[in-house]
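See below for the structure under consideration.
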Amino acid sequence: MTKNIFIASAEPYTGKSVIAFGMINMLLAKTQKVGYFKPIIAQDDPNKKDEHVEAMLDYFSLPVNYEDAFAFTRQEMLHQSEDSGGIINTIISKYKKLEDNYDFTVIEGSDFLGEGTAFEFESNALMAKNLGAPVLIVVSGKNKTASQLFKSAINIYRNFLLRDVQVLGVVANMVNPEEADRIKQALSNQLPAELLIAVIPTETGLQSPTMKEITLALGGEVLFGTELLDNQVDNFVTGAMMLPNFLRHIKDNLLIVTPGDRGDIIIGALQANLSANYPKIAGIVLTAGSLPDEPIIKLIEGLQTIIPIIAVPKGTFETTTTIGGIHSKITIENKKKIALAIELFEKYVDIKALDDKIITFSYQGITPHMFQYQLVKWAKRDKKHIVLPEGNDERILKAVEKLITQDIVDITLLGDPTEITNSIKRLGLNLDSNSIKIHNPAHSAHYGDYVNTLHELRKNKNVNLEMARDMMTDVSYFGTMMVYKGDADGMVSGAVHTTQHTIRPALQFVKTKPGVSVVSSIFFMCLPERVAIFGDCAVNPNPTAQQLAEIAISSAESSAKFGIEPRIAMLSYSSGTSGEGEDVERVREATAIVKARHPELKIEGPIQYDAAVDPLVGKQKLPGSEVAGRASVLIFPDLNTGNNTYKAVQRETGALAIGPMLQGLNKPINDLSRGCTVDDIFNTVVITAIQCQDI
């Protein structure tokens with residue numbers, strides 16, 4: 001039975017981390033128990049953790065202690081190189097402690113830095129063989145011809161075979177995009193048909209260092225722009241020319257290297273970064289230990305947006321040489337690069353073929369990671385168009401960057417185009433304004449049509465044409481009308497506006513679905529080992545029995561749509577027939593209504609929270625129940641109980657709460673909390689896109 005895989009290379013800087021991140025993400029979509037082990041780490045400073053291992057454990061919240069994720073530092077291994085038997089025994093011992101606790105373990109080979117690479121290759125082959133791990137080989141195409149890459153891949157493959165190590169596949173990474181198809185065909189022709197062959201083109205977003213990496217490599221001092229040190233540097237230029245000529249050399253994500261006394265270049269670069277006519281500047285490096293004159297410093301300090309400016313003691317030539325030699329790493333701080341690595345893996349590696357080779361187990365149920373993985377996958381299968389009325393909110397823009405980067409949805413932002421474009425630049429986002437649509441409602445080509453439509457829809461409610469004009473300048477009304485008219489598929493708002501402000505237009509003219517009289521909401525509560533649905537925690541203060549029944553039915557439909565088997569618990573302070581009182585009777589009546597309308601649904605009520613979710617308590621209080629102890633859909637009797645409970649569970653357990661997702665409307669419109677995070681917005685847009693797929 002295959003329970004592990006060894007990701008190996010025979011040279012440095014092959015981008016194995018892309019494969020490691022992608023593999024773990026793929027596995028977590030199928031099982032909750034995934035381990036990670038890197039036998040030999042390149043830890044230079046004993047007081048600092050290995051950045052790659054730390055990023056891997058942190059990003060996926062893997063339940064592996066840092067000290068258990070490796071056996072040796074590279075220095076320790078080289079000191080013990082004469083005792084290869086002892087090294088392997090220690091590695092096997094540490095690995096076995098992990099293996100028993102996980103369904104699958106991803107093992108990542110060493111990095112081949114410095115001397116001793118021949119010994120490292122032998123060690124990797126020996127480790128894979130002794131750990132019983134099939135190997136996925138990664139070779140680099142960077143600075144290689146197609147012929148050189150091809151020969152390198154074949155040689156490494158043969159070397160593993162000579163050592164009786166099973167090879168599952170070969171991944172050629174960082175390949176010239178123009179050569180990718182030819183290289184894949186050549187490898188497929190020469191290697192056995194059963195091998196997985198993947199070719200991943202060079203991706204600038206992974207190769208380019210950040211300003212933080214450049215600062216560390218140069219030993220620089222940050223003078224300005226500390227908050228934007230995550231800016232990615234795709235190009236760099238020496239600012240030694242006259243300003244007009246220098247401006248002609250500005251490209252996207254440019255780093256400018258110039259002496260500190262070139263105030264004209266510094267101010268010109270800062271102004272170009274603010275200009276809508278020039279690409280984004282990543283940062284400035286001031287060389288030779290010289291700093292700008294005091295008036296220039298004063299001017300910079302007064303700017304609203306300041307890109308990173310760092311000072312270094314070395315000269316311009318030595319500085320640019322160092323920058324050119326930086327190999328960017330995927331670290332714990334750079335979630336964008338991790339997301340991009342996973343995206344590349346999913347795009348260019350045949351996941352189904354790899355899955356067929358390694359997955360020999362199945363997990364019953366759905367874990368939070370599986371759920372989130374599936375959400376994005378479902379949203380991508382039928383790409384939808386979402387309008388976000390609060391276009392200038394920083395959290396909205398950061399979420400949009402993630403959504404566009406992963407190509408999940410099309411986006412329209414509402415607001416002033418100039419302000420939004422300036423905010424994108426100020427935040428240092430890699431978000432091309434051409435990849436999204438931006439509408440100022442009052443100046444939109446749709447404005448007149450939307451005004452007339454609103455007037456027709458609401459004139460019976462005493463809304464005259466002038467009132468309709470005024471209402472349609474409101475972003476919530478404009479966004480809702482976009483959805484109503486089919487110019488967008490769904491809307492997400494509420495980061496700035498109240499719930500009432502967000503959903504009032506929808507209630508006025510989008511209206512509820514046939515047979516539904518109440519709009520309600522649910523949260524997807526991603527608990528440590530399962531996903532549960534909580535409803536209604538955001539809309540209805542004191543629902544009647546009929547409304548509670550409708551909330552339960554809508555929630556069950558949503559549950560099934562999102563891959564969670566609905567087992568409905570109608571919550572109360574009493575379980576079964578033990579309690580009496582008006583509130584209990586209301587829940588009991590609602591349960592009866594659901595059973596009469598949908599006898600196929602599994603439902604229990606009234607039932608207490610502990611009896612609904614704890615198998616032991618559920619068995620004791622309601623023996624024989626299909627729901628007690630196993631509830632997946634929990635319906636709260638009122639908004640006070642529901643809202644406080646979801647927040648208490650979220651805060652006390654660290655659960656991710658996705659939502660609220662509104663139910664019952666004819667078109668998908670969802671409300672955010674004003675305290676929402678970037679991830680909250682991202683997830684809400686994704687579930688809105690999935691809702692749109694049924695419309």
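Identifiers for the structure tokens are assigned positionally: chains receive A, B, ... in sequence, residues are indexed from 1 per chain, and ligands are indexed from 1 in the order shown.
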
Report as a ChimeraX atom specification all protein, DNA and RNA residues lying within 8 Å of Thr331 in chain A, evaluated on only C-alpha atoms, omitting residues in the same chain fewer than 4 positions from it. /A:51-52,54-55,335

Report the closest atom pair, with its distance in Å rounded to one decimal, for each residue of range 182-260 of chain A that has an atom no farther than 7 Å from range 293-308 of chain A; count only C-alpha atoms, sort by chain and then rising residue number, and write it as CSV.
residue,atom,partner,partner_atom,distance
A:Phe224,CA,A:Pro308,CA,5.3
A:Gly225,CA,A:Pro308,CA,4.0
A:Thr226,CA,A:Pro308,CA,6.1
A:Leu228,CA,A:Pro308,CA,6.2
A:Leu229,CA,A:Pro308,CA,6.2

Would you write out those residues with N, CA and C atoms, as a PDB file, in the first residue's frame?
ATOM      1  N   PHE A 224      12.042  53.768   4.054  1.00  0.00           N
ATOM      2  CA  PHE A 224      10.614  54.038   3.878  1.00  0.00           C
ATOM      3  C   PHE A 224       9.924  52.780   3.338  1.00  0.00           C
ATOM      4  N   GLY A 225       8.601  52.712   3.548  1.00  0.00           N
ATOM      5  CA  GLY A 225       7.784  51.683   2.894  1.00  0.00           C
ATOM      6  C   GLY A 225       7.878  50.290   3.484  1.00  0.00           C
ATOM      7  N   THR A 226       8.088  50.196   4.787  1.00  0.00           N
ATOM      8  CA  THR A 226       8.210  48.876   5.431  1.00  0.00           C
ATOM      9  C   THR A 226       6.989  48.004   5.164  1.00  0.00           C
ATOM     10  N   LEU A 228       5.282  47.652   2.609  1.00  0.00           N
ATOM     11  CA  LEU A 228       5.185  47.124   1.242  1.00  0.00           C
ATOM     12  C   LEU A 228       6.396  46.285   0.850  1.00  0.00           C
ATOM     13  N   LEU A 229       7.086  45.728   1.836  1.00  0.00           N
ATOM     14  CA  LEU A 229       8.271  44.920   1.542  1.00  0.00           C
ATOM     15  C   LEU A 229       7.939  43.598   0.846  1.00  0.00           C
TER      16      LEU A 229
END

My list of candidates is A:Gln190, A:Gln620, A:Gln372, A:Ser208. Which is closest to Lys151 in chain A when distances are computed with only C-alpha atoms?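 Comparing A:Gln190, A:Gln620, A:Gln372, A:Ser208 against Lys151 in chain A, the winner is A:Gln190.
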
Based on DSSP run over this structure's backbone, return all residues of range 476-584 of chain A in alpha helix (DSSP H), as a PyMOL selection string. chain A and resi 476-484+499-505+545-561+582-584

Residues at most 7 Å from Phe509 in chain A, counting only C-alpha atoms, excluding those fewer than 3 positions away in the same chain, as a list in words?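 Surrounding residues, per the criterion: Leu457, Pro505 and Ala506 of chain A.
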
Dump as a CSV table (one decimal), in the first residue's frame, selection limited to all heavy atoms:
chain,number,residue,atom,x,y,z
A,457,LEU,N,-40.5,49.2,-11.6
A,457,LEU,CA,-40.7,48.2,-10.6
A,457,LEU,C,-41.3,48.7,-9.3
A,457,LEU,O,-42.0,48.0,-8.6
A,457,LEU,CB,-39.3,47.5,-10.3
A,457,LEU,CG,-38.7,46.6,-11.4
A,457,LEU,CD1,-37.3,46.2,-11.0
A,457,LEU,CD2,-39.6,45.4,-11.6
A,505,PRO,N,-32.5,46.4,-1.2
A,505,PRO,CA,-32.8,46.5,-2.7
A,505,PRO,C,-33.2,45.1,-3.2
A,505,PRO,O,-34.2,45.0,-4.0
A,505,PRO,CB,-31.5,46.9,-3.3
A,505,PRO,CG,-30.8,47.7,-2.3
A,505,PRO,CD,-31.1,46.9,-1.0
A,506,ALA,N,-32.6,44.0,-2.7
A,506,ALA,CA,-32.9,42.7,-3.2
A,506,ALA,C,-34.3,42.3,-2.8
A,506,ALA,O,-35.1,41.7,-3.6
A,506,ALA,CB,-31.9,41.7,-2.6

Range 383-412 of chain A near range 478-498 of chain A within 12 Å: what's each residue's closest atom pair and its distance in Å to one decimal, counting only C-alpha atoms, ordered by chain then ascending residue number, as JSON lines?
{"residue": "A:Lys383", "atom": "CA", "partner": "A:Asp489", "partner_atom": "CA", "distance": 9.9}
{"residue": "A:Lys384", "atom": "CA", "partner": "A:Asp489", "partner_atom": "CA", "distance": 6.2}
{"residue": "A:His385", "atom": "CA", "partner": "A:Asp489", "partner_atom": "CA", "distance": 5.2}
{"residue": "A:Ile386", "atom": "CA", "partner": "A:Gly490", "partner_atom": "CA", "distance": 4.9}
{"residue": "A:Val387", "atom": "CA", "partner": "A:Met491", "partner_atom": "CA", "distance": 4.8}
{"residue": "A:Leu388", "atom": "CA", "partner": "A:Val492", "partner_atom": "CA", "distance": 5.4}
{"residue": "A:Pro389", "atom": "CA", "partner": "A:Gly479", "partner_atom": "CA", "distance": 6.0}
{"residue": "A:Glu390", "atom": "CA", "partner": "A:Ser493", "partner_atom": "CA", "distance": 6.6}
{"residue": "A:Gly391", "atom": "CA", "partner": "A:Ser493", "partner_atom": "CA", "distance": 9.6}
{"residue": "A:Asn392", "atom": "CA", "partner": "A:Val496", "partner_atom": "CA", "distance": 10.1}
{"residue": "A:Asp393", "atom": "CA", "partner": "A:Val496", "partner_atom": "CA", "distance": 7.8}
{"residue": "A:Glu394", "atom": "CA", "partner": "A:Ala495", "partner_atom": "CA", "distance": 10.0}
{"residue": "A:Arg395", "atom": "CA", "partner": "A:Ala495", "partner_atom": "CA", "distance": 8.2}
{"residue": "A:Ile396", "atom": "CA", "partner": "A:Ala495", "partner_atom": "CA", "distance": 7.9}
{"residue": "A:Leu397", "atom": "CA", "partner": "A:Ala495", "partner_atom": "CA", "distance": 11.5}
{"residue": "A:Ala399", "atom": "CA", "partner": "A:Ala495", "partner_atom": "CA", "distance": 11.8}
{"residue": "A:Val400", "atom": "CA", "partner": "A:Val492", "partner_atom": "CA", "distance": 11.7}
{"residue": "A:Val409", "atom": "CA", "partner": "A:Asp489", "partner_atom": "CA", "distance": 10.2}
{"residue": "A:Asp410", "atom": "CA", "partner": "A:Ala488", "partner_atom": "CA", "distance": 9.1}
{"residue": "A:Ile411", "atom": "CA", "partner": "A:Ala488", "partner_atom": "CA", "distance": 8.8}
{"residue": "A:Thr412", "atom": "CA", "partner": "A:Ala488", "partner_atom": "CA", "distance": 8.1}

For the structure I just gave you, how does DSSP split range 197-255 of chain A - specifically, which residues are strand (DSSP E or B)? Reply as a ChimeraX atom specification. /A:197-201,210,221-224,232,235-238,254-255

Residues from the last selection, N, CA and C atoms, saved as a PDB file, in the first residue's frame:
ATOM      1  N   ILE A 197       4.325  12.314 -16.699  1.00  0.00           N
ATOM      2  CA  ILE A 197       5.206  13.345 -17.244  1.00  0.00           C
ATOM      3  C   ILE A 197       4.486  14.692 -17.142  1.00  0.00           C
ATOM      4  N   ALA A 198       5.150  15.659 -16.531  1.00  0.00           N
ATOM      5  CA  ALA A 198       4.572  17.004 -16.412  1.00  0.00           C
ATOM      6  C   ALA A 198       5.631  18.037 -16.749  1.00  0.00           C
ATOM      7  N   VAL A 199       5.218  19.091 -17.419  1.00  0.00           N
ATOM      8  CA  VAL A 199       6.122  20.186 -17.762  1.00  0.00           C
ATOM      9  C   VAL A 199       5.486  21.491 -17.285  1.00  0.00           C
ATOM     10  N   ILE A 200       6.184  22.192 -16.404  1.00  0.00           N
ATOM     11  CA  ILE A 200       5.665  23.447 -15.833  1.00  0.00           C
ATOM     12  C   ILE A 200       6.488  24.611 -16.377  1.00  0.00           C
ATOM     13  N   PRO A 201       5.868  25.519 -17.120  1.00  0.00           N
ATOM     14  CA  PRO A 201       6.611  26.666 -17.667  1.00  0.00           C
ATOM     15  C   PRO A 201       7.101  27.605 -16.563  1.00  0.00           C
ATOM     16  N   THR A 210      11.122  39.240  -3.509  1.00  0.00           N
ATOM     17  CA  THR A 210      10.393  40.359  -2.926  1.00  0.00           C
ATOM     18  C   THR A 210      11.390  41.412  -2.445  1.00  0.00           C
ATOM     19  N   GLU A 221      19.237  48.826   4.846  1.00  0.00           N
ATOM     20  CA  GLU A 221      18.438  49.488   5.872  1.00  0.00           C
ATOM     21  C   GLU A 221      17.180  50.053   5.216  1.00  0.00           C
ATOM     22  N   VAL A 222      16.019  49.711   5.766  1.00  0.00           N
ATOM     23  CA  VAL A 222      14.758  50.199   5.204  1.00  0.00           C
ATOM     24  C   VAL A 222      14.520  51.626   5.690  1.00  0.00           C
ATOM     25  N   LEU A 223      14.462  52.558   4.738  1.00  0.00           N
ATOM     26  CA  LEU A 223      14.230  53.960   5.085  1.00  0.00           C
ATOM     27  C   LEU A 223      12.742  54.311   5.054  1.00  0.00           C
ATOM     28  N   PHE A 224      12.042  53.768   4.054  1.00  0.00           N
ATOM     29  CA  PHE A 224      10.614  54.038   3.878  1.00  0.00           C
ATOM     30  C   PHE A 224       9.924  52.780   3.338  1.00  0.00           C
ATOM     31  N   GLN A 232       6.774  42.478  -5.170  1.00  0.00           N
ATOM     32  CA  GLN A 232       7.545  41.559  -6.006  1.00  0.00           C
ATOM     33  C   GLN A 232       8.361  42.346  -7.014  1.00  0.00           C
ATOM     34  N   ASN A 235      11.795  43.132 -12.492  1.00  0.00           N
ATOM     35  CA  ASN A 235      12.884  43.719 -13.281  1.00  0.00           C
ATOM     36  C   ASN A 235      13.642  44.713 -12.407  1.00  0.00           C
ATOM     37  N   PHE A 236      14.909  44.987 -12.754  1.00  0.00           N
ATOM     38  CA  PHE A 236      15.598  46.080 -12.070  1.00  0.00           C
ATOM     39  C   PHE A 236      16.428  46.855 -13.084  1.00  0.00           C
ATOM     40  N   VAL A 237      16.623  48.146 -12.797  1.00  0.00           N
ATOM     41  CA  VAL A 237      17.354  49.023 -13.695  1.00  0.00           C
ATOM     42  C   VAL A 237      18.229  49.956 -12.866  1.00  0.00           C
ATOM     43  N   THR A 238      19.366  50.325 -13.424  1.00  0.00           N
ATOM     44  CA  THR A 238      20.254  51.273 -12.753  1.00  0.00           C
ATOM     45  C   THR A 238      19.863  52.687 -13.162  1.00  0.00           C
ATOM     46  N   LEU A 254       9.140  47.196 -11.152  1.00  0.00           N
ATOM     47  CA  LEU A 254      10.543  47.548 -11.374  1.00  0.00           C
ATOM     48  C   LEU A 254      11.233  47.944 -10.065  1.00  0.00           C
ATOM     49  N   LEU A 255      12.488  47.496  -9.913  1.00  0.00           N
ATOM     50  CA  LEU A 255      13.358  47.947  -8.820  1.00  0.00           C
ATOM     51  C   LEU A 255      14.377  48.913  -9.413  1.00  0.00           C
TER      52      LEU A 255
END

Do you have the CA of Lys602 in chain A-CA of Ser625 in chain A distance handy? 9.2 Å

Near-Asp181 in chain A list (12 Å; only C-alpha atoms; drop same-chain fewer than 2 positions) as a list of chain:residue names: A:Ala146, A:Ala172, A:Val175, A:Asn176, A:Pro177, A:Glu178, A:Glu179, A:Ile183, A:Lys184, A:Gln185, A:Ala186, A:Leu187, A:Ser188, A:Ile197, A:Ala198, A:Val199, A:Ile200, A:Pro201, A:Tyr348

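What separates CA of Ala532 in chain A from CA of Val518 in chain A is a distance of 21.8 Å.
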
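Shortest separation to Glu652 in chain A among A:Leu196, A:Ile424, A:Leu527, A:Leu665 occurs at residue A:Leu527, atoms counted being only C-alpha atoms.
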
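Of the listed residues (A:Cys676, A:Glu604, A:Gly260, A:Pro528), A:Pro528 comes nearest to Val649 in chain A; the distances count only C-alpha atoms.
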
Write out as a ChimeraX atom specification each polymer residue whose atoms come within 10 Å of Thr405 in chain A, counting only C-alpha atoms; drop sequence neighbours fewer than 2 positions from it. /A:336,339-340,343,399-403,407-409,430-432,435

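Minimum atom-to-atom distance to Leu414 in chain A, evaluated using only C-alpha atoms, belongs to A:Ser476 out of A:Asn666, A:Gln500, A:Thr90, A:Ser476.
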
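Put simply, CA of Lys251 in chain A is 24.7 Å away from CA of Lys314 in chain A.
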
Contacts of range 93-97 of chain A within 12 Å, only C-alpha atoms, excl. fewer than 2 positions in-chain, as JSON, numbers by chain: {"A": [3, 4, 35, 36, 37, 38, 39, 40, 64, 65, 67, 68, 69, 70, 71, 72, 86, 87, 88, 89, 90, 91, 99, 100, 101, 102, 104, 105, 106, 107, 108, 127, 128, 130, 131, 132, 133]}

Using N, CA, C and O atoms, can you export the residues from the last selection as a short mmCIF file (atom, residue, chain, number, x, y, z; two decimals), in the first residue's frame?
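The resulting file, out13.cif, is shown below:
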data_model
loop_
_atom_site.label_atom_id
_atom_site.label_comp_id
_atom_site.auth_asym_id
_atom_site.auth_seq_id
_atom_site.Cartn_x
_atom_site.Cartn_y
_atom_site.Cartn_z
N LYS A 3 1.73 4.78 0.94
CA LYS A 3 1.33 5.76 1.95
C LYS A 3 2.24 6.97 1.95
O LYS A 3 2.14 7.82 2.81
N ASN A 4 3.15 7.04 0.96
CA ASN A 4 4.07 8.16 0.93
C ASN A 4 4.57 8.40 -0.49
O ASN A 4 4.36 7.58 -1.39
N GLY A 35 0.91 14.06 6.49
CA GLY A 35 2.15 14.42 7.16
C GLY A 35 3.16 14.98 6.17
O GLY A 35 3.04 14.81 4.96
N TYR A 36 4.16 15.68 6.70
CA TYR A 36 5.23 16.24 5.86
C TYR A 36 6.56 15.97 6.55
O TYR A 36 6.71 16.18 7.76
N PHE A 37 7.54 15.51 5.76
CA PHE A 37 8.84 15.15 6.32
C PHE A 37 9.92 15.54 5.33
O PHE A 37 9.86 15.19 4.15
N LYS A 38 10.90 16.32 5.79
CA LYS A 38 12.06 16.70 4.97
C LYS A 38 13.29 16.22 5.72
O LYS A 38 13.76 16.90 6.64
N PRO A 39 13.81 15.04 5.40
CA PRO A 39 14.88 14.42 6.22
C PRO A 39 16.06 15.34 6.48
O PRO A 39 16.59 15.38 7.58
N ILE A 40 16.48 16.10 5.45
CA ILE A 40 17.66 16.95 5.60
C ILE A 40 17.28 18.38 5.23
O ILE A 40 16.81 18.65 4.12
N VAL A 64 1.98 18.62 12.62
CA VAL A 64 3.33 18.05 12.75
C VAL A 64 4.18 19.06 13.49
O VAL A 64 4.26 20.23 13.10
N ASN A 65 4.83 18.64 14.58
CA ASN A 65 5.75 19.53 15.29
C ASN A 65 6.96 19.82 14.39
O ASN A 65 7.44 18.93 13.68
N GLU A 67 10.07 20.10 15.02
CA GLU A 67 11.22 19.24 15.30
C GLU A 67 11.03 17.83 14.74
O GLU A 67 12.01 17.11 14.50
N ASP A 68 9.78 17.42 14.53
CA ASP A 68 9.52 16.08 14.00
C ASP A 68 9.51 16.05 12.48
O ASP A 68 9.44 14.97 11.88
N ALA A 69 9.58 17.22 11.85
CA ALA A 69 9.46 17.28 10.39
C ALA A 69 10.80 17.09 9.68
O ALA A 69 10.85 17.08 8.46
N PHE A 70 11.90 16.95 10.44
CA PHE A 70 13.20 16.71 9.80
C PHE A 70 14.06 15.85 10.73
O PHE A 70 13.76 15.68 11.92
N ALA A 71 15.15 15.32 10.16
CA ALA A 71 16.06 14.48 10.95
C ALA A 71 17.40 15.16 11.18
O ALA A 71 17.97 15.08 12.27
N PHE A 72 17.95 15.79 10.15
CA PHE A 72 19.26 16.43 10.24
C PHE A 72 19.25 17.78 9.53
O PHE A 72 18.50 17.98 8.57
N GLY A 86 24.21 4.99 10.05
CA GLY A 86 23.63 5.67 11.21
C GLY A 86 22.68 6.77 10.79
O GLY A 86 21.63 6.99 11.42
N ILE A 87 23.03 7.49 9.71
CA ILE A 87 22.16 8.55 9.19
C ILE A 87 20.82 7.97 8.77
O ILE A 87 19.76 8.48 9.15
N ILE A 88 20.88 6.90 7.98
CA ILE A 88 19.64 6.28 7.49
C ILE A 88 18.80 5.74 8.64
O ILE A 88 17.57 5.89 8.66
N ASN A 89 19.43 5.13 9.62
CA ASN A 89 18.68 4.60 10.77
C ASN A 89 17.94 5.70 11.52
O ASN A 89 16.78 5.53 11.94
N THR A 90 18.61 6.84 11.70
CA THR A 90 17.97 7.97 12.39
C THR A 90 16.79 8.49 11.57
O THR A 90 15.72 8.79 12.12
N ILE A 91 17.00 8.61 10.27
CA ILE A 91 15.93 9.10 9.39
C ILE A 91 14.73 8.17 9.42
O ILE A 91 13.57 8.61 9.54
N GLU A 99 4.76 8.30 10.32
CA GLU A 99 3.98 7.48 9.39
C GLU A 99 2.72 6.90 10.03
O GLU A 99 1.64 6.90 9.42
N ASP A 100 2.85 6.43 11.25
CA ASP A 100 1.71 5.77 11.89
C ASP A 100 0.56 6.72 12.20
O ASP A 100 -0.57 6.28 12.41
N ASN A 101 0.84 8.02 12.23
CA ASN A 101 -0.19 9.00 12.60
C ASN A 101 -0.92 9.61 11.41
O ASN A 101 -1.85 10.39 11.58
N TYR A 102 -0.49 9.27 10.19
CA TYR A 102 -1.04 9.93 9.01
C TYR A 102 -1.45 8.94 7.94
O TYR A 102 -0.87 7.86 7.80
N PHE A 104 -1.19 9.64 4.79
CA PHE A 104 -0.22 9.80 3.71
C PHE A 104 0.83 10.82 4.15
O PHE A 104 0.51 11.80 4.82
N THR A 105 2.09 10.59 3.75
CA THR A 105 3.17 11.51 4.11
C THR A 105 3.94 11.92 2.86
O THR A 105 4.36 11.08 2.07
N VAL A 106 4.10 13.22 2.69
CA VAL A 106 4.91 13.76 1.60
C VAL A 106 6.32 13.97 2.14
O VAL A 106 6.52 14.67 3.13
N ILE A 107 7.30 13.32 1.48
CA ILE A 107 8.71 13.43 1.88
C ILE A 107 9.42 14.26 0.83
O ILE A 107 9.29 14.00 -0.37
N GLU A 108 10.17 15.25 1.26
CA GLU A 108 10.88 16.11 0.31
C GLU A 108 12.38 15.95 0.47
O GLU A 108 12.92 16.08 1.57
N MET A 127 17.43 7.00 1.08
CA MET A 127 16.29 7.32 1.93
C MET A 127 14.99 6.85 1.30
O MET A 127 14.15 6.22 1.95
N ALA A 128 14.80 7.15 0.03
CA ALA A 128 13.58 6.75 -0.66
C ALA A 128 13.41 5.24 -0.63
O ALA A 128 12.32 4.72 -0.36
N ASN A 130 14.76 3.03 1.52
CA ASN A 130 14.54 2.50 2.87
C ASN A 130 13.20 2.91 3.46
O ASN A 130 12.67 2.23 4.34
N LEU A 131 12.65 4.02 2.99
CA LEU A 131 11.35 4.45 3.49
C LEU A 131 10.21 3.86 2.66
O LEU A 131 9.04 4.11 2.94
N GLY A 132 10.56 3.08 1.64
CA GLY A 132 9.55 2.46 0.80
C GLY A 132 8.72 3.48 0.05
O GLY A 132 7.53 3.29 -0.18
N ALA A 133 9.38 4.59 -0.34
CA ALA A 133 8.65 5.69 -0.97
C ALA A 133 8.94 5.77 -2.46
O ALA A 133 10.11 5.89 -2.86
#

Ranking A:Leu427, A:Ile323, A:Thr258, A:Glu585 by minimum distance to Val233 in chain A and counting only C-alpha atoms, which one comes first?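 Ranked by minimum distance to Val233 in chain A, first place goes to A:Ile323.
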